[in-house]
file query08.cif (mmCIF, C-alpha atoms, pLDDT in the B column; chains and numbers go by the auth columns)
data_model
#
loop_
_atom_site.group_PDB
_atom_site.id
_atom_site.type_symbol
_atom_site.label_atom_id
_atom_site.label_comp_id
_atom_site.label_asym_id
_atom_site.label_seq_id
_atom_site.Cartn_x
_atom_site.Cartn_y
_atom_site.Cartn_z
_atom_site.B_iso_or_equiv
_atom_site.auth_seq_id
_atom_site.auth_asym_id
ATOM 1 C CA MET A 1 64.748 -40.122 41.917 55.00 1 A
ATOM 2 C CA LYS A 2 61.910 -39.611 44.322 49.00 2 A
ATOM 3 C CA PHE A 3 62.894 -37.880 47.564 46.00 3 A
ATOM 4 C CA LEU A 4 61.300 -40.565 49.733 50.00 4 A
ATOM 5 C CA SER A 5 63.129 -43.293 47.844 50.00 5 A
ATOM 6 C CA ILE A 6 66.466 -41.482 48.130 50.00 6 A
ATOM 7 C CA VAL A 7 66.039 -41.046 51.853 49.00 7 A
ATOM 8 C CA THR A 8 65.177 -44.745 52.217 50.00 8 A
ATOM 9 C CA VAL A 9 68.197 -45.872 50.197 48.00 9 A
ATOM 10 C CA LEU A 10 70.534 -43.473 51.989 50.00 10 A
ATOM 11 C CA PHE A 11 69.308 -44.765 55.333 49.00 11 A
ATOM 12 C CA LEU A 12 69.960 -48.347 54.266 50.00 12 A
ATOM 13 C CA LEU A 13 73.429 -47.506 53.014 49.00 13 A
ATOM 14 C CA THR A 14 74.409 -45.948 56.331 47.00 14 A
ATOM 15 C CA LEU A 15 73.486 -49.132 58.240 47.00 15 A
ATOM 16 C CA PRO A 16 76.134 -51.722 59.073 45.00 16 A
ATOM 17 C CA VAL A 17 76.438 -54.312 56.319 46.00 17 A
ATOM 18 C CA LEU A 18 74.663 -57.162 58.103 51.00 18 A
ATOM 19 C CA ALA A 19 72.393 -59.961 56.934 52.00 19 A
ATOM 20 C CA GLY A 20 68.835 -58.832 56.576 90.00 20 A
ATOM 21 C CA THR A 21 68.543 -56.534 53.533 95.00 21 A
ATOM 22 C CA PHE A 22 68.088 -57.326 49.850 95.00 22 A
ATOM 23 C CA LEU A 23 68.300 -54.319 47.523 95.00 23 A
ATOM 24 C CA GLU A 24 67.659 -54.184 43.770 95.00 24 A
ATOM 25 C CA THR A 25 68.122 -50.834 42.022 95.00 25 A
ATOM 26 C CA PHE A 26 68.491 -52.225 38.474 93.00 26 A
ATOM 27 C CA ASP A 27 71.916 -50.684 38.011 90.00 27 A
ATOM 28 C CA GLY A 28 72.929 -53.734 35.989 78.00 28 A
ATOM 29 C CA LYS A 29 71.942 -54.624 32.443 74.00 29 A
ATOM 30 C CA ASP A 30 70.111 -57.889 33.120 85.00 30 A
ATOM 31 C CA LEU A 31 67.574 -59.481 35.453 90.00 31 A
ATOM 32 C CA ASP A 32 69.649 -62.310 36.892 87.00 32 A
ATOM 33 C CA GLY A 33 67.848 -63.938 39.794 89.00 33 A
ATOM 34 C CA TRP A 34 64.390 -62.782 38.675 93.00 34 A
ATOM 35 C CA GLN A 35 61.741 -64.886 36.966 91.00 35 A
ATOM 36 C CA GLN A 36 58.317 -64.119 35.547 89.00 36 A
ATOM 37 C CA ILE A 37 55.201 -65.998 36.638 84.00 37 A
ATOM 38 C CA TRP A 38 51.488 -65.775 35.741 70.00 38 A
ATOM 39 C CA THR A 39 52.118 -65.739 32.000 59.00 39 A
ATOM 40 C CA ASP A 40 49.069 -67.604 30.705 61.00 40 A
ATOM 41 C CA LYS A 41 48.524 -65.250 27.789 64.00 41 A
ATOM 42 C CA GLY A 42 52.124 -64.338 27.034 68.00 42 A
ATOM 43 C CA PRO A 43 54.816 -62.494 28.985 72.00 43 A
ATOM 44 C CA ALA A 44 55.059 -58.821 29.736 82.00 44 A
ATOM 45 C CA VAL A 45 58.044 -56.846 28.435 90.00 45 A
ATOM 46 C CA TRP A 46 60.682 -56.057 31.069 93.00 46 A
ATOM 47 C CA GLU A 47 63.613 -53.813 30.133 94.00 47 A
ATOM 48 C CA ILE A 48 66.210 -51.980 32.192 94.00 48 A
ATOM 49 C CA VAL A 49 66.570 -48.386 30.962 93.00 49 A
ATOM 50 C CA ASP A 50 68.697 -45.772 32.745 92.00 50 A
ATOM 51 C CA ASP A 51 68.948 -47.954 35.882 94.00 51 A
ATOM 52 C CA GLU A 52 65.173 -48.387 36.154 96.00 52 A
ATOM 53 C CA LEU A 53 62.992 -51.336 35.184 97.00 53 A
ATOM 54 C CA HIS A 54 60.443 -50.511 32.491 97.00 54 A
ATOM 55 C CA ALA A 55 57.523 -52.951 32.260 95.00 55 A
ATOM 56 C CA ASP A 56 54.794 -53.176 29.660 95.00 56 A
ATOM 57 C CA SER A 57 51.676 -55.381 29.703 92.00 57 A
ATOM 58 C CA ARG A 58 48.891 -55.111 27.142 90.00 58 A
ATOM 59 C CA GLU A 59 46.736 -57.917 28.555 86.00 59 A
ATOM 60 C CA ALA A 60 44.166 -58.295 31.331 83.00 60 A
ATOM 61 C CA TYR A 61 46.283 -60.976 32.994 81.00 61 A
ATOM 62 C CA THR A 62 48.671 -60.352 35.867 85.00 62 A
ATOM 63 C CA HIS A 63 52.391 -60.664 35.148 88.00 63 A
ATOM 64 C CA LEU A 64 54.659 -60.926 38.199 91.00 64 A
ATOM 65 C CA LEU A 65 58.445 -60.718 38.358 94.00 65 A
ATOM 66 C CA THR A 66 59.695 -62.682 41.383 94.00 66 A
ATOM 67 C CA THR A 67 62.878 -63.404 43.332 94.00 67 A
ATOM 68 C CA GLY A 68 63.944 -64.865 46.662 92.00 68 A
ATOM 69 C CA ASP A 69 63.357 -68.400 47.922 84.00 69 A
ATOM 70 C CA ASP A 70 61.312 -70.453 50.358 83.00 70 A
ATOM 71 C CA THR A 71 63.644 -69.701 53.290 89.00 71 A
ATOM 72 C CA TRP A 72 62.543 -66.063 53.586 94.00 72 A
ATOM 73 C CA GLU A 73 60.165 -65.846 56.519 93.00 73 A
ATOM 74 C CA ASN A 74 59.170 -62.574 58.208 95.00 74 A
ATOM 75 C CA TYR A 75 60.082 -59.447 56.264 97.00 75 A
ATOM 76 C CA THR A 76 59.004 -56.166 54.685 97.00 76 A
ATOM 77 C CA MET A 77 59.046 -55.562 50.948 98.00 77 A
ATOM 78 C CA GLU A 78 59.053 -52.031 49.511 98.00 78 A
ATOM 79 C CA LEU A 79 59.278 -50.622 46.007 98.00 79 A
ATOM 80 C CA ASP A 80 58.816 -47.484 43.948 98.00 80 A
ATOM 81 C CA VAL A 81 56.533 -47.545 40.916 98.00 81 A
ATOM 82 C CA LYS A 82 55.580 -44.914 38.361 98.00 82 A
ATOM 83 C CA PRO A 83 52.666 -45.862 36.062 98.00 83 A
ATOM 84 C CA LEU A 84 53.172 -44.279 32.642 98.00 84 A
ATOM 85 C CA LYS A 85 50.127 -45.411 30.686 97.00 85 A
ATOM 86 C CA LYS A 86 47.002 -47.473 31.267 96.00 86 A
ATOM 87 C CA HIS A 87 45.838 -49.718 28.429 95.00 87 A
ATOM 88 C CA GLY A 88 42.522 -50.957 29.817 93.00 88 A
ATOM 89 C CA ILE A 89 41.145 -52.517 32.978 93.00 89 A
ATOM 90 C CA GLY A 90 44.392 -53.091 34.873 95.00 90 A
ATOM 91 C CA GLY A 91 46.403 -52.920 38.048 96.00 91 A
ATOM 92 C CA ILE A 92 49.758 -52.771 39.852 97.00 92 A
ATOM 93 C CA SER A 93 50.721 -55.531 42.317 97.00 93 A
ATOM 94 C CA ILE A 94 53.229 -56.336 45.065 98.00 94 A
ATOM 95 C CA ALA A 95 53.629 -59.903 46.379 96.00 95 A
ATOM 96 C CA VAL A 96 55.178 -61.741 49.333 96.00 96 A
ATOM 97 C CA ARG A 97 55.481 -65.352 50.450 93.00 97 A
ATOM 98 C CA VAL A 98 55.879 -66.449 46.831 92.00 98 A
ATOM 99 C CA ASP A 99 56.490 -70.178 47.157 85.00 99 A
ATOM 100 C CA GLY A 100 56.227 -72.289 44.046 74.00 100 A
ATOM 101 C CA ASN A 101 52.506 -72.330 43.286 77.00 101 A
ATOM 102 C CA TRP A 102 51.304 -70.031 46.088 84.00 102 A
ATOM 103 C CA LEU A 103 51.591 -66.379 47.074 89.00 103 A
ATOM 104 C CA VAL A 104 50.018 -63.445 48.911 92.00 104 A
ATOM 105 C CA TYR A 105 49.645 -60.214 46.933 94.00 105 A
ATOM 106 C CA CYS A 106 48.115 -56.741 47.086 97.00 106 A
ATOM 107 C CA SER A 107 46.890 -54.792 44.058 97.00 107 A
ATOM 108 C CA ILE A 108 45.656 -51.326 43.172 98.00 108 A
ATOM 109 C CA PHE A 109 43.247 -51.942 40.310 96.00 109 A
ATOM 110 C CA ASP A 110 39.873 -51.132 38.729 94.00 110 A
ATOM 111 C CA PRO A 111 37.853 -54.293 38.112 87.00 111 A
ATOM 112 C CA VAL A 112 34.394 -54.527 36.587 82.00 112 A
ATOM 113 C CA ILE A 113 31.936 -55.382 39.372 77.00 113 A
ATOM 114 C CA ILE A 114 28.792 -57.424 38.832 75.00 114 A
ATOM 115 C CA ARG A 115 26.271 -57.478 41.670 75.00 115 A
ATOM 116 C CA GLY A 116 23.040 -59.335 41.249 72.00 116 A
ATOM 117 C CA ASP A 117 20.812 -57.919 38.561 74.00 117 A
ATOM 118 C CA ASP A 118 22.446 -54.471 38.660 73.00 118 A
ATOM 119 C CA PRO A 119 24.321 -53.260 35.577 79.00 119 A
ATOM 120 C CA PRO A 120 28.094 -53.942 35.696 79.00 120 A
ATOM 121 C CA PHE A 121 30.205 -51.038 36.884 74.00 121 A
ATOM 122 C CA GLN A 122 33.918 -50.296 37.261 81.00 122 A
ATOM 123 C CA GLU A 123 35.410 -49.431 40.669 91.00 123 A
ATOM 124 C CA GLU A 124 38.928 -48.379 41.700 95.00 124 A
ATOM 125 C CA ARG A 125 40.100 -50.585 44.552 95.00 125 A
ATOM 126 C CA ILE A 126 42.834 -52.032 46.669 97.00 126 A
ATOM 127 C CA GLY A 127 42.701 -55.757 47.302 96.00 127 A
ATOM 128 C CA CYS A 128 44.972 -58.200 49.132 96.00 128 A
ATOM 129 C CA TYR A 129 44.608 -61.929 48.596 92.00 129 A
ATOM 130 C CA ALA A 130 46.216 -65.316 49.187 89.00 130 A
ATOM 131 C CA THR A 131 45.984 -67.664 46.232 86.00 131 A
ATOM 132 C CA GLY A 132 47.652 -70.217 44.018 80.00 132 A
ATOM 133 C CA LEU A 133 48.998 -69.637 40.539 74.00 133 A
ATOM 134 C CA HIS A 134 46.334 -69.881 37.835 68.00 134 A
ATOM 135 C CA ARG A 135 43.563 -69.978 40.460 68.00 135 A
ATOM 136 C CA PRO A 136 41.008 -67.407 41.573 66.00 136 A
ATOM 137 C CA ALA A 137 41.772 -65.570 44.800 64.00 137 A
ATOM 138 C CA LEU A 138 41.021 -68.074 47.556 74.00 138 A
ATOM 139 C CA ALA A 139 41.436 -66.004 50.718 86.00 139 A
ATOM 140 C CA THR A 140 40.742 -62.272 50.932 91.00 140 A
ATOM 141 C CA LEU A 141 42.541 -60.051 53.425 94.00 141 A
ATOM 142 C CA ILE A 142 40.972 -56.765 52.295 95.00 142 A
ATOM 143 C CA VAL A 143 38.942 -55.257 49.441 95.00 143 A
ATOM 144 C CA GLU A 144 38.153 -51.548 49.664 95.00 144 A
ATOM 145 C CA PRO A 145 37.594 -48.594 47.316 96.00 145 A
ATOM 146 C CA TYR A 146 40.872 -46.764 46.699 97.00 146 A
ATOM 147 C CA PRO A 147 42.051 -44.464 43.894 97.00 147 A
ATOM 148 C CA LEU A 148 44.412 -45.788 41.247 97.00 148 A
ATOM 149 C CA LEU A 149 48.060 -44.772 41.357 98.00 149 A
ATOM 150 C CA ARG A 150 48.535 -41.507 39.498 97.00 150 A
ATOM 151 C CA LEU A 151 50.132 -41.629 36.074 98.00 151 A
ATOM 152 C CA ASN A 152 53.623 -40.151 35.657 98.00 152 A
ATOM 153 C CA ARG A 153 54.074 -39.860 39.408 98.00 153 A
ATOM 154 C CA TRP A 154 56.167 -42.082 41.687 98.00 154 A
ATOM 155 C CA SER A 155 54.369 -44.053 44.376 98.00 155 A
ATOM 156 C CA HIS A 156 55.842 -46.127 47.201 98.00 156 A
ATOM 157 C CA LEU A 157 54.338 -49.530 48.070 98.00 157 A
ATOM 158 C CA LYS A 158 55.139 -51.437 51.271 98.00 158 A
ATOM 159 C CA LEU A 159 53.899 -54.923 52.209 98.00 159 A
ATOM 160 C CA SER A 160 54.974 -56.512 55.507 98.00 160 A
ATOM 161 C CA VAL A 161 54.467 -60.048 56.795 96.00 161 A
ATOM 162 C CA GLU A 162 54.987 -61.371 60.314 95.00 162 A
ATOM 163 C CA GLY A 163 53.759 -64.932 60.799 92.00 163 A
ATOM 164 C CA ASP A 164 50.218 -64.913 59.415 91.00 164 A
ATOM 165 C CA ILE A 165 49.798 -61.133 59.830 95.00 165 A
ATOM 166 C CA PHE A 166 50.033 -58.878 56.739 97.00 166 A
ATOM 167 C CA THR A 167 50.204 -55.057 56.570 98.00 167 A
ATOM 168 C CA PHE A 168 50.003 -52.911 53.415 98.00 168 A
ATOM 169 C CA SER A 169 50.903 -49.214 52.952 98.00 169 A
ATOM 170 C CA ILE A 170 50.840 -46.836 49.988 98.00 170 A
ATOM 171 C CA ASN A 171 52.906 -43.621 50.077 98.00 171 A
ATOM 172 C CA GLY A 172 53.305 -43.903 53.829 97.00 172 A
ATOM 173 C CA GLU A 173 49.583 -44.407 54.468 97.00 173 A
ATOM 174 C CA GLN A 174 48.592 -47.714 56.046 98.00 174 A
ATOM 175 C CA VAL A 175 45.742 -48.880 53.811 98.00 175 A
ATOM 176 C CA MET A 176 45.487 -52.341 55.361 98.00 176 A
ATOM 177 C CA ALA A 177 46.037 -52.543 59.128 98.00 177 A
ATOM 178 C CA PRO A 178 47.774 -55.705 60.403 98.00 178 A
ATOM 179 C CA THR A 179 45.410 -58.415 59.179 97.00 179 A
ATOM 180 C CA LYS A 180 45.472 -62.138 59.876 94.00 180 A
ATOM 181 C CA LEU A 181 45.281 -64.573 56.980 90.00 181 A
ATOM 182 C CA GLN A 182 42.607 -67.130 57.849 83.00 182 A
ATOM 183 C CA ILE A 183 42.663 -70.526 56.185 76.00 183 A
ATOM 184 C CA PHE A 184 39.501 -72.595 56.568 71.00 184 A
ATOM 185 C CA ARG A 185 40.701 -76.179 56.284 67.00 185 A
ATOM 186 C CA GLN A 186 37.163 -77.542 56.439 65.00 186 A
ATOM 187 C CA ILE A 187 36.363 -75.961 53.041 68.00 187 A
ATOM 188 C CA ASP A 188 37.363 -78.067 50.035 69.00 188 A
ATOM 189 C CA VAL A 189 39.231 -75.311 48.150 65.00 189 A
ATOM 190 C CA PHE A 190 41.563 -74.900 51.135 68.00 190 A
ATOM 191 C CA ALA A 191 42.445 -78.605 51.287 68.00 191 A
ATOM 192 C CA ASP A 192 46.010 -78.134 50.008 70.00 192 A
ATOM 193 C CA PHE A 193 46.380 -74.479 51.008 72.00 193 A
ATOM 194 C CA PRO A 194 49.838 -73.816 52.556 69.00 194 A
ATOM 195 C CA ASP A 195 50.444 -71.999 55.830 69.00 195 A
ATOM 196 C CA PHE A 196 52.354 -69.234 53.964 69.00 196 A
ATOM 197 C CA GLN A 197 55.126 -69.174 56.549 81.00 197 A
ATOM 198 C CA THR A 198 57.964 -68.621 54.048 90.00 198 A
ATOM 199 C CA GLY A 199 58.546 -67.541 50.450 92.00 199 A
ATOM 200 C CA GLY A 200 60.072 -64.955 48.128 95.00 200 A
ATOM 201 C CA VAL A 201 58.775 -61.643 46.778 97.00 201 A
ATOM 202 C CA GLY A 202 57.421 -60.214 43.547 96.00 202 A
ATOM 203 C CA PHE A 203 55.806 -57.280 41.802 97.00 203 A
ATOM 204 C CA GLY A 204 53.955 -56.773 38.571 95.00 204 A
ATOM 205 C CA LEU A 205 51.148 -55.321 36.525 95.00 205 A
ATOM 206 C CA TRP A 206 48.467 -55.916 33.932 93.00 206 A
ATOM 207 C CA ASN A 207 47.286 -53.548 31.205 95.00 207 A
ATOM 208 C CA TYR A 208 49.834 -50.944 32.274 96.00 208 A
ATOM 209 C CA THR A 209 53.142 -49.494 31.188 97.00 209 A
ATOM 210 C CA ALA A 210 55.118 -48.599 34.314 98.00 210 A
ATOM 211 C CA VAL A 211 58.591 -48.096 35.767 98.00 211 A
ATOM 212 C CA PHE A 212 59.796 -49.927 38.906 98.00 212 A
ATOM 213 C CA ASP A 213 62.827 -49.177 41.082 97.00 213 A
ATOM 214 C CA ASN A 214 64.384 -49.582 44.540 97.00 214 A
ATOM 215 C CA ILE A 215 63.090 -53.051 45.383 97.00 215 A
ATOM 216 C CA THR A 216 63.976 -53.513 49.057 97.00 216 A
ATOM 217 C CA VAL A 217 63.356 -56.515 51.310 97.00 217 A
ATOM 218 C CA THR A 218 64.361 -56.412 54.979 96.00 218 A
ATOM 219 C CA GLY A 219 64.122 -59.212 57.533 95.00 219 A
ATOM 220 C CA ASP A 220 66.240 -61.505 59.683 93.00 220 A
ATOM 221 C CA SER A 221 65.811 -64.422 57.256 92.00 221 A
ATOM 222 C CA VAL A 222 66.709 -62.350 54.175 94.00 222 A
ATOM 223 C CA PRO A 223 70.339 -62.576 52.996 89.00 223 A
ATOM 224 C CA ASN A 224 72.243 -59.335 52.704 89.00 224 A
ATOM 225 C CA SER A 225 72.491 -59.092 48.917 81.00 225 A
ATOM 226 C CA GLY A 226 71.612 -57.174 45.788 69.00 226 A
ATOM 227 C CA ASP A 227 72.984 -53.876 44.510 60.00 227 A
ATOM 228 C CA PHE A 228 75.157 -53.107 47.528 50.00 228 A
ATOM 229 C CA PRO A 229 78.473 -51.383 46.766 46.00 229 A
ATOM 230 C CA VAL A 230 81.773 -52.762 47.981 35.00 230 A
ATOM 231 C CA THR A 231 82.300 -49.549 49.926 34.00 231 A
ATOM 232 C CA PRO A 232 79.030 -48.023 51.181 35.00 232 A
ATOM 233 C CA GLN A 233 80.702 -44.636 51.704 36.00 233 A
ATOM 234 C CA ALA A 234 81.543 -44.382 47.999 34.00 234 A
ATOM 235 C CA LYS A 235 77.985 -45.195 46.973 33.00 235 A
ATOM 236 C CA LEU A 236 76.693 -42.698 49.523 34.00 236 A
ATOM 237 C CA ALA A 237 78.837 -39.942 48.036 33.00 237 A
ATOM 238 C CA THR A 238 77.622 -40.842 44.546 32.00 238 A
ATOM 239 C CA THR A 239 73.987 -40.827 45.636 33.00 239 A
ATOM 240 C CA TRP A 240 74.317 -37.411 47.272 31.00 240 A
ATOM 241 C CA GLY A 241 75.949 -36.191 44.073 31.00 241 A
ATOM 242 C CA ASN A 242 73.044 -37.468 42.013 33.00 242 A
ATOM 243 C CA LEU A 243 70.614 -35.852 44.413 32.00 243 A
ATOM 244 C CA LYS A 244 71.682 -32.447 43.143 26.00 244 A
ATOM 245 C CA LYS A 245 70.086 -33.260 39.781 30.00 245 A
ATOM 246 C CA PHE A 246 66.550 -33.305 41.197 28.00 246 A
#

call {"tool": "encode", "arguments": {"input": "query08.cif", "output": "structure tokens"}}
result
Amino acid sequence: MKFLSIVTVLFLLTLPVLAGTFLETFDGKDLDGWQQIWTDKGPAVWEIVDDELHADSREAYTHLLTTGDDTWENYTMELDVKPLKKHGIGGISIAVRVDGNWLVYCSIFDPVIIRGDDPPFQEERIGCYATGLHRPALATLIVEPYPLLRLNRWSHLKLSVEGDIFTFSINGEQVMAPTKLQIFRQIDVFADFPDFQTGGVGFGLWNYTAVFDNITVTGDSVPNSGDFPVTPQAKLATTWGNLKKF
């Protein structure tokens, strides 16, 4: 596995086993505790292969796999993703504060842009938004040009939330500085907009085939759960043994 990911997992495994870390490494054969949302045009295909989650979407509609609950408050979510193939205009996403019909998410994608009377053009971007399911993005945290994730290469995504402040990093580079989510109650579309103070996590894609691994959520409100071994020392020895293969 990726060196950065191994170092992260090894660091977590050497910590005392206390509440505050959720870890999913897809070592099992099922996706218990996960559910798919944003499936207007049919679900994506999710399959665990060799302890990694393979995902395939052939549609221009976001598919998110989510977990957690509405008690998770301030935390950091991280994951590893390796895009394998791009099938059209598409993107890769990471989400936090997933609460029923609402969420905050960041994407690396390449939408078609239409500006005035100019011809449409395609632009590679990052974008972070707060929105409801099956609604257009209602509140924008950031939209900037940014290259797509490279095919057949692992990337590390990290999205942190503290109160109404969100921070997004890609491969250790902070691409969105701590940014406040502003909700304008006086505007009609924000009438039932939540405060986004709690919620679970998610990740997903559209028009991509990709592999996901090492989903990690850390925070005081997050229960210590997931793919933790009974004896961390045994898992640590196994991980170091596997490291020799790379």

call {"tool": "closest_residue", "arguments": {"input": "query08.cif", "among": "A:Leu205, A:Val217, A:Ile183, A:Leu151", "to": "Glu59 (chain A)", "atoms": "only C-alpha atoms"}}
result
A:Leu205

call {"tool": "residues_around", "arguments": {"input": "query08.cif", "residues": "Asp27 (chain A)", "least_positions_apart": "2", "cutoff": "9 Å", "atoms": "only C-alpha atoms", "output": "ChimeraX atom specification"}}
result
/A:24-25,29-30,48,50-52,227

call {"tool": "resolve_selection", "arguments": {"input": "query08.cif", "expression": "the PyMOL selection byres ((chain A and resi 162) around 8)", "output": "number ranges by chain"}}
result
A: 73-75, 160-161, 163-166

call {"tool": "residues_around", "arguments": {"input": "query08.cif", "residues": "Thr67 (chain A)", "least_positions_apart": "4", "cutoff": "7 Å", "atoms": "only C-alpha atoms", "output": "PyMOL selection string"}}
result
chain A and resi 33-35+200-202

call {"tool": "resolve_selection", "arguments": {"input": "query08.cif", "expression": "the PyMOL selection byres ((chain A and resi 209) around 12)", "output": "PyMOL selection string"}}
result
chain A and resi 44-47+53-59+63+81-88+90-92+151-152+204-208+210-212

call {"tool": "atom_distance", "arguments": {"input": "query08.cif", "atom1": "CA of Gly68 (chain A)", "atom2": "CA of Gln182 (chain A)"}}
result
24.2 Å

call {"tool": "atom_distance", "arguments": {"input": "query08.cif", "atom1": "CA of Gln174 (chain A)", "atom2": "CA of Leu149 (chain A)"}}
result
15.0 Å

call {"tool": "atom_distance", "arguments": {"input": "query08.cif", "atom1": "CA of Val175 (chain A)", "atom2": "CA of Ser221 (chain A)"}}
result
25.6 Å

call {"tool": "closest_atom_pairs", "arguments": {"input": "query08.cif", "of": "region 124-185 of chain A", "to": "region 100-107 of chain A", "cutoff": "12 Å", "atoms": "all atoms listed in the file", "output": "tab-separated table"}}
result
residue	atom	partner	partner_atom	distance
A:Glu124	CA	A:Ser107	CA	10.5
A:Arg125	CA	A:Ser107	CA	8.0
A:Ile126	CA	A:Ser107	CA	5.6
A:Gly127	CA	A:Ser107	CA	5.4
A:Cys128	CA	A:Cys106	CA	4.0
A:Tyr129	CA	A:Tyr105	CA	5.6
A:Ala130	CA	A:Val104	CA	4.2
A:Thr131	CA	A:Leu103	CA	5.8
A:Gly132	CA	A:Trp102	CA	4.2
A:Leu133	CA	A:Asn101	CA	5.2
A:His134	CA	A:Asn101	CA	8.6
A:Arg135	CA	A:Trp102	CA	9.6
A:Pro136	CA	A:Trp102	CA	11.5
A:Ala137	CA	A:Val104	CA	9.5
A:Leu138	CA	A:Val104	CA	10.2
A:Ala139	CA	A:Val104	CA	9.1
A:Thr140	CA	A:Val104	CA	9.6
A:Leu141	CA	A:Cys106	CA	9.1
A:Ile142	CA	A:Cys106	CA	8.8
A:Val143	CA	A:Cys106	CA	9.6
A:Glu144	CA	A:Ser107	CA	10.9
A:Pro145	CA	A:Ser107	CA	11.6
A:Tyr146	CA	A:Ser107	CA	10.4
A:Pro147	CA	A:Ser107	CA	11.4
A:Leu148	CA	A:Ser107	CA	9.8
A:Leu149	CA	A:Ser107	CA	10.4
A:Leu157	CA	A:Cys106	CA	9.6
A:Lys158	CA	A:Cys106	CA	9.7
A:Leu159	CA	A:Cys106	CA	7.9
A:Ser160	CA	A:Tyr105	CA	10.8
A:Val161	CA	A:Val104	CA	9.7
A:Asp164	CA	A:Val104	CA	10.6
A:Ile165	CA	A:Val104	CA	11.2
A:Phe166	CA	A:Val104	CA	9.1
A:Thr167	CA	A:Cys106	CA	9.9
A:Phe168	CA	A:Cys106	CA	7.6
A:Ser169	CA	A:Cys106	CA	9.9
A:Ile170	CA	A:Cys106	CA	10.7
A:Val175	CA	A:Cys106	CA	10.6
A:Met176	CA	A:Cys106	CA	9.7
A:Lys180	CA	A:Val104	CA	11.9
A:Leu181	CA	A:Val104	CA	9.4

call {"tool": "closest_residue", "arguments": {"input": "query08.cif", "among": "A:Ala177, A:Leu79, A:Val112, A:Leu65", "to": "Trp38 (chain A)", "atoms": "all atoms listed in the file"}}
result
A:Leu65

call {"tool": "residues_around", "arguments": {"input": "query08.cif", "residues": "Gly20 (chain A)", "least_positions_apart": "3", "cutoff": "10 Å", "atoms": "all atoms listed in the file", "output": "PyMOL selection string"}}
result
chain A and resi 17+75+217-225

call {"tool": "write_last_selection", "arguments": {"input": "query08.cif", "atoms": "C-alpha atoms", "output": "short mmCIF file (atom, residue, chain, number, x, y, z; two decimals), keeping the file's coordinate frame"}}
result
data_model
loop_
_atom_site.label_atom_id
_atom_site.label_comp_id
_atom_site.auth_asym_id
_atom_site.auth_seq_id
_atom_site.Cartn_x
_atom_site.Cartn_y
_atom_site.Cartn_z
CA VAL A 17 76.44 -54.31 56.32
CA TYR A 75 60.08 -59.45 56.26
CA VAL A 217 63.36 -56.52 51.31
CA THR A 218 64.36 -56.41 54.98
CA GLY A 219 64.12 -59.21 57.53
CA ASP A 220 66.24 -61.50 59.68
CA SER A 221 65.81 -64.42 57.26
CA VAL A 222 66.71 -62.35 54.18
CA PRO A 223 70.34 -62.58 53.00
CA ASN A 224 72.24 -59.34 52.70
CA SER A 225 72.49 -59.09 48.92
#
